[in-house]
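Enquirer: This is query_32.txt (compact mmCIF, C-alpha atoms).
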```
# COMPACT_ATOMS: atom_id res chain seq x y z
CA MET F 1 -2.73 -12.35 -32.90
CA LEU F 2 -0.29 -10.35 -30.77
CA ASP F 3 3.39 -10.96 -31.49
CA PRO F 4 5.06 -12.78 -28.55
CA ILE F 5 7.95 -10.29 -28.50
CA ILE F 6 5.42 -7.54 -27.67
CA LEU F 7 4.14 -9.68 -24.81
CA PHE F 8 7.71 -9.98 -23.51
CA PHE F 9 7.93 -6.18 -23.49
CA LEU F 10 4.59 -5.90 -21.67
CA LEU F 11 5.75 -8.50 -19.13
CA GLY F 12 8.82 -6.42 -18.37
CA LEU F 13 6.81 -3.18 -18.24
CA ILE F 14 4.18 -4.59 -15.87
CA SER F 15 6.83 -6.23 -13.70
CA GLY F 16 8.68 -2.93 -13.44
CA LEU F 17 5.55 -0.94 -12.62
CA LEU F 18 4.66 -3.47 -9.90
CA ARG F 19 8.24 -3.23 -8.57
CA SER F 20 8.91 -6.91 -9.08
CA GLU F 21 12.41 -8.23 -8.42
CA LEU F 22 12.60 -9.39 -12.06
CA ARG F 23 15.70 -7.96 -13.74
CA LEU F 24 18.20 -9.39 -16.18
CA PRO F 25 21.82 -9.24 -14.99
CA ARG F 26 23.57 -6.27 -16.56
CA SER F 27 26.10 -8.53 -18.26
CA ILE F 28 23.27 -10.50 -19.92
CA TYR F 29 21.60 -7.29 -21.10
CA GLU F 30 24.92 -6.11 -22.54
CA LEU F 31 25.35 -9.44 -24.34
CA LEU F 32 21.83 -9.28 -25.80
CA SER F 33 22.50 -5.73 -27.03
CA ILE F 34 25.74 -6.84 -28.69
CA LEU F 35 24.09 -9.83 -30.37
CA LEU F 36 21.19 -7.70 -31.59
CA LEU F 37 23.40 -4.96 -33.05
CA LEU F 38 25.76 -7.43 -34.72
CA ALA F 39 22.89 -9.48 -36.15
CA ILE F 40 21.28 -6.41 -37.71
CA GLY F 41 24.62 -5.29 -39.12
CA LEU F 42 25.51 -8.73 -40.48
CA LYS F 43 22.18 -9.19 -42.26
CA GLY F 44 22.44 -5.74 -43.79
CA GLY F 45 26.04 -6.34 -44.88
CA VAL F 46 25.20 -9.64 -46.58
CA GLU F 47 22.46 -7.94 -48.57
CA LEU F 48 24.61 -4.90 -49.28
CA ALA F 49 27.10 -7.24 -50.97
CA LYS F 50 24.38 -8.02 -53.52
CA GLN F 51 23.56 -4.36 -54.26
CA PRO F 52 25.29 -1.94 -56.66
CA PHE F 53 26.61 0.80 -54.37
CA LEU F 54 25.98 3.69 -56.78
CA GLU F 55 22.31 2.76 -57.05
CA LEU F 56 21.94 3.09 -53.27
CA LEU F 57 23.86 6.37 -53.01
CA PRO F 58 20.89 8.73 -53.61
CA GLN F 59 18.87 6.96 -50.91
CA MET F 60 21.81 7.04 -48.49
CA VAL F 61 22.27 10.78 -49.03
CA ALA F 62 18.53 11.38 -48.52
CA VAL F 63 18.55 9.40 -45.26
CA VAL F 64 21.50 11.44 -43.94
CA LEU F 65 19.66 14.65 -44.85
CA MET F 66 16.61 13.33 -43.01
CA GLY F 67 18.82 12.85 -39.96
CA PHE F 68 19.74 16.54 -40.11
CA VAL F 69 16.20 17.82 -40.79
CA LEU F 70 14.20 15.94 -38.13
CA PRO F 71 15.93 17.49 -35.09
CA LEU F 72 15.61 20.93 -36.72
CA ILE F 73 11.83 20.35 -36.85
CA ALA F 74 11.66 19.06 -33.26
CA TYR F 75 13.81 21.81 -31.73
CA PRO F 76 11.47 24.81 -32.17
CA MET F 77 8.52 22.73 -31.00
CA LEU F 78 10.34 21.92 -27.78
CA LEU F 79 11.82 25.39 -27.32
CA HIS F 80 8.74 27.53 -28.02
CA LEU F 81 5.77 25.26 -27.32
CA GLY F 82 7.29 23.18 -24.55
CA ARG F 83 9.33 26.09 -23.14
CA PHE F 84 12.31 23.86 -22.44
CA LYS F 85 15.71 25.40 -21.89
CA ARG F 86 17.84 25.62 -25.04
CA VAL F 87 20.17 22.79 -24.04
CA ASP F 88 17.30 20.49 -23.07
CA ALA F 89 15.35 21.23 -26.26
CA ALA F 90 18.49 20.54 -28.32
CA SER F 91 19.21 17.29 -26.49
CA ILE F 92 15.65 15.95 -26.87
CA ALA F 93 15.61 16.99 -30.53
CA ALA F 94 18.84 15.06 -31.14
CA HIS F 95 17.25 11.92 -29.69
CA TYR F 96 14.31 12.23 -32.09
CA GLY F 97 16.52 12.83 -35.11
CA SER F 98 18.39 9.60 -34.46
CA VAL F 99 17.11 6.03 -34.52
CA SER F 100 16.12 3.23 -32.14
CA VAL F 101 17.71 -0.11 -33.02
CA GLY F 102 15.20 -1.90 -30.80
CA THR F 103 12.24 -0.39 -32.64
CA PHE F 104 13.86 -1.25 -35.98
CA ALA F 105 14.29 -4.86 -34.85
CA VAL F 106 10.63 -5.05 -33.79
CA ALA F 107 9.55 -3.67 -37.18
CA VAL F 108 11.66 -6.30 -38.96
CA SER F 109 10.02 -9.01 -36.85
CA TYR F 110 6.56 -7.53 -37.51
CA LEU F 111 7.07 -7.65 -41.28
CA ALA F 112 8.64 -11.12 -41.21
CA ALA F 113 5.66 -12.50 -39.25
CA ARG F 114 3.37 -11.24 -42.03
CA ASN F 115 5.65 -12.33 -44.90
CA ILE F 116 5.96 -8.72 -46.09
CA PHE F 117 9.06 -8.07 -48.17
CA PHE F 118 11.29 -5.09 -47.45
CA GLU F 119 14.54 -4.00 -49.05
CA PRO F 120 17.18 -5.96 -47.10
CA TYR F 121 19.79 -3.17 -47.13
CA MET F 122 17.80 -1.13 -44.58
CA PRO F 123 20.37 -1.70 -41.77
CA VAL F 124 22.69 0.59 -43.76
CA PHE F 125 20.24 3.40 -43.05
CA VAL F 126 20.22 2.56 -39.33
CA VAL F 127 23.97 3.15 -39.22
CA LEU F 128 23.71 6.39 -41.19
CA LEU F 129 20.95 7.85 -39.01
CA GLU F 130 22.91 7.55 -35.76
CA MET F 131 25.29 10.39 -36.56
CA PRO F 132 23.70 13.52 -38.13
CA ALA F 133 21.24 14.22 -35.30
CA ILE F 134 24.03 14.19 -32.70
CA LEU F 135 25.94 16.87 -34.60
CA VAL F 136 22.79 18.98 -35.03
CA GLY F 137 21.92 18.61 -31.34
CA ILE F 138 25.35 19.82 -30.25
CA MET F 139 25.25 22.80 -32.61
CA LEU F 140 21.73 23.73 -31.46
CA ALA F 141 22.78 23.55 -27.82
CA LYS F 142 26.10 25.35 -28.09
CA GLY F 143 26.30 26.96 -31.49
CA ILE F 144 29.46 26.58 -33.53
CA SER F 145 32.33 27.85 -31.43
CA LYS F 146 36.00 27.35 -30.77
CA ASP F 147 35.16 25.78 -27.41
CA THR F 148 33.40 22.77 -28.94
CA GLN F 149 35.71 19.77 -28.66
CA TRP F 150 34.92 18.28 -32.05
CA GLY F 151 37.62 15.62 -31.72
CA MET F 152 35.97 14.18 -28.62
CA VAL F 153 32.55 14.50 -30.22
CA ALA F 154 33.72 12.65 -33.34
CA HIS F 155 35.28 9.92 -31.19
CA GLU F 156 32.04 9.46 -29.23
CA VAL F 157 29.86 9.47 -32.35
CA LEU F 158 32.01 7.29 -34.60
CA LEU F 159 33.48 4.93 -32.00
CA GLY F 160 30.53 4.53 -29.67
CA LYS F 161 29.56 0.92 -29.03
CA GLY F 162 26.39 1.02 -31.12
CA ILE F 163 28.09 2.43 -34.22
CA VAL F 164 31.11 0.11 -33.94
CA LEU F 165 28.92 -3.00 -33.66
CA LEU F 166 26.46 -2.01 -36.38
CA ALA F 167 29.11 -0.80 -38.80
CA GLY F 168 31.44 -3.69 -37.92
CA GLY F 169 28.71 -6.26 -38.52
CA LEU F 170 27.78 -4.49 -41.75
CA ILE F 171 31.37 -4.64 -43.02
CA ILE F 172 31.84 -8.28 -42.00
CA GLY F 173 28.59 -9.31 -43.70
CA TRP F 174 29.54 -7.33 -46.80
CA VAL F 175 33.02 -8.90 -46.97
CA VAL F 176 32.03 -12.55 -46.40
CA GLY F 177 28.72 -12.48 -48.29
CA PRO F 178 25.90 -15.05 -48.04
CA GLU F 179 28.22 -18.09 -48.13
CA GLY F 180 30.61 -16.85 -45.47
CA ILE F 181 27.90 -16.20 -42.91
CA VAL F 182 26.57 -19.78 -42.93
CA SER F 183 28.82 -20.95 -40.07
CA ILE F 184 27.55 -18.23 -37.66
CA LYS F 185 23.96 -18.18 -38.91
CA PRO F 186 22.58 -20.31 -36.02
CA LEU F 187 23.64 -17.70 -33.45
CA PHE F 188 23.08 -14.39 -35.22
CA ILE F 189 20.21 -15.16 -37.61
CA ASP F 190 18.25 -18.17 -36.33
CA LEU F 191 18.13 -16.94 -32.71
CA PHE F 192 17.39 -13.31 -33.62
CA LYS F 193 13.77 -13.30 -32.48
CA GLY F 194 14.56 -15.04 -29.18
CA VAL F 195 17.34 -12.54 -28.44
CA LEU F 196 14.97 -9.70 -29.32
CA ALA F 197 12.31 -11.07 -26.95
CA LEU F 198 14.74 -11.12 -24.00
CA PHE F 199 16.04 -7.67 -24.95
CA LEU F 200 12.50 -6.28 -24.94
CA LEU F 201 11.79 -7.93 -21.59
CA GLU F 202 14.59 -5.87 -20.07
CA MET F 203 13.57 -2.76 -22.05
CA GLY F 204 10.10 -3.05 -20.54
CA ILE F 205 11.61 -3.04 -17.05
CA ILE F 206 13.81 -0.04 -17.89
CA THR F 207 10.84 1.80 -19.42
CA ALA F 208 8.84 1.33 -16.23
CA GLY F 209 11.66 3.05 -14.35
CA GLN F 210 11.22 6.17 -16.50
CA MET F 211 7.49 6.47 -15.89
CA GLY F 212 7.91 8.25 -12.56
CA SER F 213 9.52 11.21 -14.31
CA LEU F 214 6.27 11.95 -16.16
CA ARG F 215 4.84 13.49 -12.99
CA SER F 216 7.59 16.09 -13.05
CA TYR F 217 7.45 17.16 -16.68
CA GLY F 218 3.75 17.27 -17.44
CA LEU F 219 1.51 16.53 -20.35
CA PHE F 220 3.59 18.29 -23.01
CA LEU F 221 6.32 15.66 -22.91
CA ILE F 222 3.72 12.91 -23.24
CA GLY F 223 2.08 14.68 -26.16
CA PHE F 224 5.39 15.34 -27.89
CA GLY F 225 6.51 11.74 -27.37
CA ILE F 226 3.43 10.55 -29.27
CA VAL F 227 2.79 13.31 -31.82
CA ALA F 228 6.42 13.66 -32.98
CA PRO F 229 6.79 10.03 -34.09
CA VAL F 230 3.41 10.12 -35.83
CA ILE F 231 4.50 13.18 -37.86
CA PHE F 232 8.09 12.03 -38.42
CA GLY F 233 6.88 8.56 -39.41
CA LEU F 234 4.73 10.11 -42.14
CA LEU F 235 7.73 12.08 -43.44
CA GLY F 236 9.81 8.89 -43.51
CA ALA F 237 7.03 7.02 -45.32
CA LEU F 238 6.80 9.79 -47.92
CA LEU F 239 10.56 9.59 -48.47
CA GLY F 240 10.38 5.83 -48.93
CA PHE F 241 7.46 6.21 -51.33
CA PHE F 242 9.40 8.83 -53.32
CA PHE F 243 12.24 6.36 -53.82
CA GLY F 244 9.84 3.65 -54.97
CA LEU F 245 10.41 1.30 -52.05
CA SER F 246 8.20 -1.71 -51.40
CA GLU F 247 5.39 -1.76 -48.84
CA GLY F 248 7.77 -3.16 -46.25
CA GLY F 249 10.53 -0.73 -47.23
CA ILE F 250 8.23 2.28 -46.80
CA THR F 251 7.17 0.90 -43.42
CA ILE F 252 10.78 0.53 -42.30
CA MET F 253 11.65 4.03 -43.51
CA ALA F 254 8.74 5.39 -41.48
CA VAL F 255 9.91 3.46 -38.43
CA LEU F 256 13.44 4.84 -38.77
CA ALA F 257 12.12 8.41 -38.91
CA ALA F 258 9.62 7.88 -36.09
CA SER F 259 11.91 6.19 -33.58
CA ALA F 260 14.06 7.96 -30.99
CA SER F 261 17.51 6.96 -29.78
CA TYR F 262 18.10 5.80 -26.22
CA ILE F 263 21.65 4.40 -26.60
CA ALA F 264 24.01 6.36 -28.86
CA VAL F 265 22.60 9.87 -28.45
CA PRO F 266 22.39 9.88 -24.62
CA ALA F 267 26.07 8.89 -24.43
CA ALA F 268 27.11 11.58 -26.91
CA MET F 269 25.00 14.27 -25.23
CA ARG F 270 26.41 13.45 -21.80
CA LEU F 271 29.88 14.05 -23.20
CA SER F 272 29.19 17.14 -25.30
CA VAL F 273 26.26 18.85 -23.53
CA PRO F 274 26.60 17.80 -19.88
CA GLU F 275 24.39 20.67 -18.72
CA ALA F 276 21.35 19.12 -20.45
CA ASN F 277 19.01 17.12 -18.21
CA PRO F 278 19.27 13.48 -19.44
CA SER F 279 16.11 12.38 -17.63
CA LEU F 280 14.00 14.61 -19.90
CA SER F 281 15.37 13.01 -23.06
CA LEU F 282 15.17 9.45 -21.76
CA THR F 283 11.67 9.94 -20.36
CA ALA F 284 10.49 11.11 -23.77
CA SER F 285 12.38 8.62 -25.96
CA LEU F 286 12.33 5.54 -23.74
CA GLY F 287 9.37 6.14 -21.43
CA ILE F 288 6.90 7.39 -24.06
CA THR F 289 7.97 7.00 -27.70
CA PHE F 290 9.52 3.54 -27.45
CA PRO F 291 6.44 1.82 -25.95
CA PHE F 292 4.14 3.82 -28.24
CA ASN F 293 6.04 2.65 -31.31
CA ILE F 294 6.26 -0.95 -30.09
CA LEU F 295 2.57 -1.23 -29.26
CA PHE F 296 0.89 1.09 -31.80
CA GLY F 297 3.42 2.85 -34.02
CA VAL F 298 4.71 0.01 -36.20
CA PRO F 299 1.20 -1.04 -37.33
CA LEU F 300 0.38 2.65 -37.93
CA TYR F 301 3.47 3.13 -40.13
CA HIS F 302 2.50 0.00 -42.05
CA MET F 303 -0.87 1.63 -42.66
CA TYR F 304 0.96 4.71 -43.98
CA ALA F 305 2.73 2.50 -46.51
CA GLN F 306 -0.47 0.76 -47.58
CA TYR F 307 -2.30 4.07 -48.01
CA LEU F 308 0.48 5.69 -50.06
CA LEU F 309 0.73 2.68 -52.37
CA SER F 310 -3.05 2.55 -52.77
CA MET F 311 -3.01 6.19 -53.90
CA ALA F 312 -0.27 5.63 -56.49
```
The structure in this file should be written as structure tokens.
Expert:
Amino acid sequence: MLDPIILFFLLGLISGLLRSELRLPRSIYELLSILLLLAIGLKGGVELAKQPFLELLPQMVAVVLMGFVLPLIAYPMLLHLGRFKRVDAASIAAHYGSVSVGTFAVAVSYLAARNIFFEPYMPVFVVLLEMPAILVGIMLAKGISKDTQWGMVAHEVLLGKGIVLLAGGLIIGWVVGPEGIVSIKPLFIDLFKGVLALFLLEMGIITAGQMGSLRSYGLFLIGFGIVAPVIFGLLGALLGFFFGLSEGGITIMAVLAASASYIAVPAAMRLSVPEANPSLSLTASLGITFPFNILFGVPLYHMYAQYLLSMA
């Protein structure tokens, strides 16, 4: 049975392709984004309060390293096979080294619907994966030079809305713990799936708006937007398996590696690499990879986890 949140996404996508007047007010979309980011952060923080920090440290370091490595794999593919300009290849690579909060939320809902356990501190990894790829993307585009305004870059990376809300929610959840969150649970926890459904409705509409760009950039971008997450998802699953994560944990790790940013990285790239063409990155990450992951990717990454555990 198809998850209703996927049907909300398809409703938005079809409405957008048919040029319907359906569109959520921008203020509502912003509110849904804020609620979603805070909810993910809060849930992760509550669970982080139960975990010994030093035991998580090796996994946290490995996730950060993954955030550096993935764009370094994507960059030569885009530069040499796709023949993109250096700045465009670097920008797209940065998007694919980072993470999609929306895809993560869908994966959480997918596992919850099937009663599959996953390590509840996974939102910590979402926060960690937002930053390394941006730094790699900037260095690939510009090299390391005196002209790079690292102060502005650091401000954009560390104080962007997505990071502030995720990290802020994480800290609040960690400080107050399971008891302290009870009073706000109805809004941030109980309504999570409903908020996600409305968020995906709007994301479907936005995705439809990116489809027209596919005519301009050809089959390579379509192929990369599908093949890259399949490969990166396998690498993430292998990392999760190496650390002995559960079936759900391996699935989530694969999802984190396979997803592509469409919020934090575009904002940082616009500031630091303004000469890069943002429509290329958004067409790939939002127009191709996001719907692929929502419709087919998450079940595929779950299959990765099942196969790896069956081979153990």
Enquirer: Given all atoms listed in the file as the basis, pick out the residue of F:Leu57, F:Met77, F:Leu191, F:Val255 nearest to His302 of chain F.
Expert: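 Closest to His302 of chain F, using all atoms listed in the file: F:Val255.
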Enquirer: Using all atoms listed in the file, can you tell me which of F:Met203, F:Ile73, F:Leu239, F:Leu48 comes closest to Tyr29 of chain F?
Expert: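 That would be F:Met203, the residue with the smallest distance to Tyr29 of chain F.
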Enquirer: Which is closest to Gly41 of chain F among F:Ile172, F:Val298, F:Ala276, F:Ala197, if we use all atoms listed in the file?
Expert: F:Ile172
Enquirer: Choose the residue, out of F:Leu280, F:Ile288, F:Val175, F:Ala62, that has the smallest atom-to-atom separation from Gly240 of chain F; count all atoms listed in the file.
Expert: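 Checking each of F:Leu280, F:Ile288, F:Val175, F:Ala62 against Gly240 of chain F, counting all atoms listed in the file, the winner is F:Ala62.
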Enquirer: For a quick check of understanding, using all atoms listed in the file, which of F:Ala264, F:Ile28, F:Leu200, F:Met152 has the smallest distance to Val164 of chain F?
Expert: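 When distances to Val164 of chain F are compared using all atoms listed in the file, the smallest one comes from F:Ala264.
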Enquirer: List the spatial neighbours of Ala49 of chain F as an NGL selection string - criterion: any atom at most 9 Å away, all atoms listed in the file, same-chain residues fewer than 5 positions off excluded.
Expert: :F and (44 or 173-178)
Enquirer: How far is it from atom CA of Glu21 of chain F to atom CA of Gly204 of chain F, in Å with one decimal?
Expert: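 Value for the atom CA of Glu21 of chain F-atom CA of Gly204 of chain F distance: 13.4 Å.
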Enquirer: Using all atoms listed in the file - which residues lie no farther than 12 Å from the point (5.7, 15.5, -37.0) in the file's frame? Write them as a compact mmCIF listing (two decimals) with C-alpha atoms, in the frame of the given file.
Expert:
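Written output follows (result02.txt):
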```
# COMPACT_ATOMS: atom_id res chain seq x y z
CA VAL F 69 16.20 17.82 -40.79
CA LEU F 70 14.20 15.94 -38.13
CA PRO F 71 15.93 17.49 -35.09
CA LEU F 72 15.61 20.93 -36.72
CA ILE F 73 11.83 20.35 -36.85
CA ALA F 74 11.66 19.06 -33.26
CA TYR F 75 13.81 21.81 -31.73
CA PRO F 76 11.47 24.81 -32.17
CA MET F 77 8.52 22.73 -31.00
CA ALA F 93 15.61 16.99 -30.53
CA TYR F 96 14.31 12.23 -32.09
CA GLY F 97 16.52 12.83 -35.11
CA GLY F 223 2.08 14.68 -26.16
CA PHE F 224 5.39 15.34 -27.89
CA GLY F 225 6.51 11.74 -27.37
CA ILE F 226 3.43 10.55 -29.27
CA VAL F 227 2.79 13.31 -31.82
CA ALA F 228 6.42 13.66 -32.98
CA PRO F 229 6.79 10.03 -34.09
CA VAL F 230 3.41 10.12 -35.83
CA ILE F 231 4.50 13.18 -37.86
CA PHE F 232 8.09 12.03 -38.42
CA GLY F 233 6.88 8.56 -39.41
CA LEU F 234 4.73 10.11 -42.14
CA LEU F 235 7.73 12.08 -43.44
CA GLY F 236 9.81 8.89 -43.51
CA ALA F 237 7.03 7.02 -45.32
CA ALA F 254 8.74 5.39 -41.48
CA ALA F 257 12.12 8.41 -38.91
CA ALA F 258 9.62 7.88 -36.09
CA SER F 259 11.91 6.19 -33.58
```
Enquirer: Can you work out which one of F:Leu282, F:Phe220, F:Gln210, F:Lys185 has the shortest atom-to-atom distance to Val46 of chain F, counting all atoms listed in the file?
Expert: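 Ranking F:Leu282, F:Phe220, F:Gln210, F:Lys185 by distance to Val46 of chain F, first place goes to F:Lys185.
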